[in-house]
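Notes for the one structure printed next.
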Amino acid sequence: MKPTMRRAYALCAVLTYLLALLTTAPAVARDDDDPAAPIVKKRKIAPGVTFTRIIERREPRRTFVLRIRPLTSATLDVTLAGATLGSPRRTVLFSANAHDAVAAVNGDFTGGFPGRPTHVFAQDGHLVQSHAPGSVFALARDESAAFVGPARPVVSLSDRDTGQTWRLDRWNFTPPATGELAGFSPLGGTEEAPPAFACSVRLLRDGPISFDDDRTGVILDLVVDRAACAEEPMERDGGIVISTPPATDEAIQLLAMESGSRMRLRWSIGVQGVYDVVGGMPILVQDGQVVVSACPGAFCGRNPRTGIGYTANGGVLLVVVDGRQPRWSVGASLREFATIMHNLGAVQALNLDGGGSSAMVVKGEVVNRPSDGQQRPISNTVLVLSGPDPGEE
C-alpha cells in the first residue's frame with residue numbers, strides 16, 4: 001500500500017529534522033573514532049573488587065588495574081612462593097590458585113637462587129626477613145590504613161619477668177657478626193638456618209600473635225627451651241633460635257637464659273597495626289604527589305611495570321603495565337608509571353618488580369601479556385582474597 005500525501009509530507013519533515021541534527025549538533029567522539037581516546041573496559045570480579053583494562057592505541061600501551069574498595073569482604077595478602085625462604089620460585093598463577101585468590105600480581109624483586117624477596121617482608125603477622133634497607137608497602141591488619149615509605153624492622157627479645165631486653169640485629173638474614181644477635185624462625189627454611197660454631201638459645205611458642213599496647217609492634221610470647229654453644233647448628237624444631245658468635249658478651253647473656261624462662265619477641269616498622277609488608281623501589285607517589293624524577297638508564301626507561309598504591313578513600317590499587325611489545329604495549333618509564341598511579345587515584349604508591357616478572361591473574365587467568373612470552377617464576381606474590389585471610393590468627 002502506497003503512503004498517502006500527508007504521510008509523505010510527515011516522513012519528509014522527520015528526515016529533514018534528523019538531517020539538521022546531524023549537521024548542526026556537536027559530534028560525540030567514540031573510542032573507535034578517536035585514536036587519542038583510551039578504551040576502558042571494567043568489570044566486577046568479586047564484592048568490592050573491580051578489574052579494569054585500559055588500552056591506549058596511540059602509544060600503544062595496555063594497563064591492567066585491580067581496585068579493592070575499603071570496608072568490603074575482600075582482603076589483601078602477601079605470600080612467599082613456598083612455605084619458607086629457599087622454596088622454589090613459582091608463577092603468580094600458581095600462587096593465586098594455591099591460596100584460592102580471586103586475583104594476584106607479582107610482588108617484590110626476587111634476589112638469589114632459588115629466590116627470596118629483596119627487601120623487608122612480613123606475612124600474616126610473621127616477620128619473614130629483615131633485609132637491605134628499602135621502601136615498603138605495609139597494610140594494617142584490619143586494612144583500615146596503609147603505609148608507603150622507607151622501613152627497617154626493629155626486632156627485640158625481652159624477659160617477661162625481669163623486663164631485660166635484647167635488640168636483635170638481623171632476622172632470617174645471614175649469620176650474626178661479632179657483637180650481634182640474629183634470629184632464625186621456621187620461615188627461614190633452608191635459606192636461613194641457624195649458624196654452626198655459635199652460641200644459641202631455642203625458644204618455643206607460648207601463645208598467639210598479638211599487638212603490643214600501642215599496636216605499633218607485633219608480639220609473640222615464648223619460653224626458653226635450651227641454650228648451648230656447639231659446632232653443630234642448633235635445630236629450630238618448630239621454634240625460634242637466637243644465635244651469636246662464641247666468646248662474646250652476647251654469648252654469655254644467651255647462655256644465662258634458663259630453661260622455662262618466659263620471653264617476648266617483638267617486631268615493628270613503627271606503623272600501627274601492620275601485619276603484612278612487601279618491599280619495592282622506588283616510591284612513586286607520596287602524600288598525593290608524584291615523587292619520581294626523570295632518570296637515565298634502562299631501569300628508568302619504558303618497561304613492563306607493577307605497582308601497589310593506596311587511595312584517599314582507603315582503597316588499594318594493584319596495577320600492571322605491559323611492555324617490550326611494540327605492537328601491543330611499549331611499557332612505561334618510572335615517571336610515566338608514577339603518573340599513571342597518581343591519575344588512578346593513588347595518594348601513596350610503590351614500584352614493585354617489573355620487566356618479565358610483571359603479571360596479573362584474575363579469576364584463574366593471566367590477563368596481561370608477560371614480556372617473556374610466559375610467566376616468570378618469582379619468590380613472592382600479592383594476593384586479593386574474596387573473604388578474610390585464613391592465615392591470620
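By order in the C-alpha cells, chains are A, B, ...; within a chain, residues start at 1; ligands start at 1, following the order shown.
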Would you give me, as a tab-separated table, each residue of region 136-217 of chain A having an atom within 10 Å of an atom of region 326-349 of chain A, along with its shortest atom pair and that distance in Å to one decimal, using only C-alpha atoms and sorting by chain and residue number?
residue	atom	partner	partner_atom	distance
A:Val136	CA	A:Ala349	CA	9.7
A:Phe137	CA	A:Ala349	CA	7.9
A:Ala146	CA	A:Gln348	CA	8.6
A:Phe147	CA	A:Gln348	CA	7.6
A:Val148	CA	A:Gln348	CA	6.1
A:Gly149	CA	A:Gln348	CA	8.8
Set the distance at 10 Å and use only C-alpha atoms: which residues neighbour Val271 (chain A) once local chain neighbours fewer than 6 positions away are removed? I'd like the list as a list in words.
Ala138, Leu139, Ala140, Ala145, Ala146, Phe147, Ala151, Asp214, Arg215, Thr216 and Gly217 of chain A
Could you go through region 134-290 of chain A and tell me which residues DSSP, when run on the backbone, assigns to helix (DSSP H, G or I), listing them as an MDAnalysis selection string?
chainID A and resid 186:188 249:255
For Pro175 (chain A), find every residue with an atom within 9 Å (counting only C-alpha atoms), except residues of its own chain fewer than 4 positions away, and show them as a PyMOL selection string.
chain A and resi 170+181-183+192-195+243-245
Near Arg89 (chain A), counting only C-alpha atoms, which residues have an atom at most 9 Å away, once you skip same-chain residues fewer than 5 positions from it, shown as a ChimeraX atom specification?
/A:80-82,113-116,376-380
Write out as a compact mmCIF listing (two decimals) with C-alpha atoms, in the first residue's frame which residues come within 12 Å of Glu250 (chain A) when counting only C-alpha atoms, dropping same-chain ones fewer than 5 positions away.
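Output file result.txt follows:
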# COMPACT_ATOMS: atom_id res chain seq x y z
CA TRP A 166 67.97 -7.52 73.87
CA ARG A 167 67.98 -5.90 70.42
CA LEU A 168 68.24 -8.37 67.53
CA ASP A 169 70.41 -7.08 64.70
CA PRO A 176 75.47 -12.75 63.15
CA ALA A 177 78.76 -10.88 63.21
CA THR A 178 80.71 -10.35 66.43
CA GLY A 179 78.62 -8.26 68.80
CA GLU A 180 75.37 -9.15 67.04
CA LEU A 181 72.33 -11.26 67.87
CA ALA A 182 70.45 -12.87 64.98
CA ALA A 198 77.70 -20.42 67.57
CA CYS A 199 76.05 -19.95 70.93
CA SER A 200 72.31 -20.20 70.62
CA VAL A 201 69.06 -20.35 72.55
CA CYS A 229 77.31 -23.38 72.37
CA ILE A 242 68.67 -16.73 68.59
CA SER A 243 72.40 -17.02 67.83
CA THR A 244 75.62 -15.11 68.37
CA PRO A 245 79.35 -15.85 67.93
CA LEU A 255 73.78 -18.98 78.00
CA ALA A 256 72.37 -17.36 81.14
CA MET A 257 68.79 -17.88 79.91
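Using only C-alpha atoms, the contacts of Leu284 (chain A) at a cut-off of 7 Å, with sequence neighbours closer than 4 positions omitted, comprise Val290, Val291, Val292, Ala338, Ala349, Leu350 and Asn351 of chain A.
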Report the distance between CA of Gly260 (chain A) and CA of Asn172 (chain A) in Å, rounded to one decimal place.
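CA of Gly260 (chain A) sits 24.1 Å away from CA of Asn172 (chain A).
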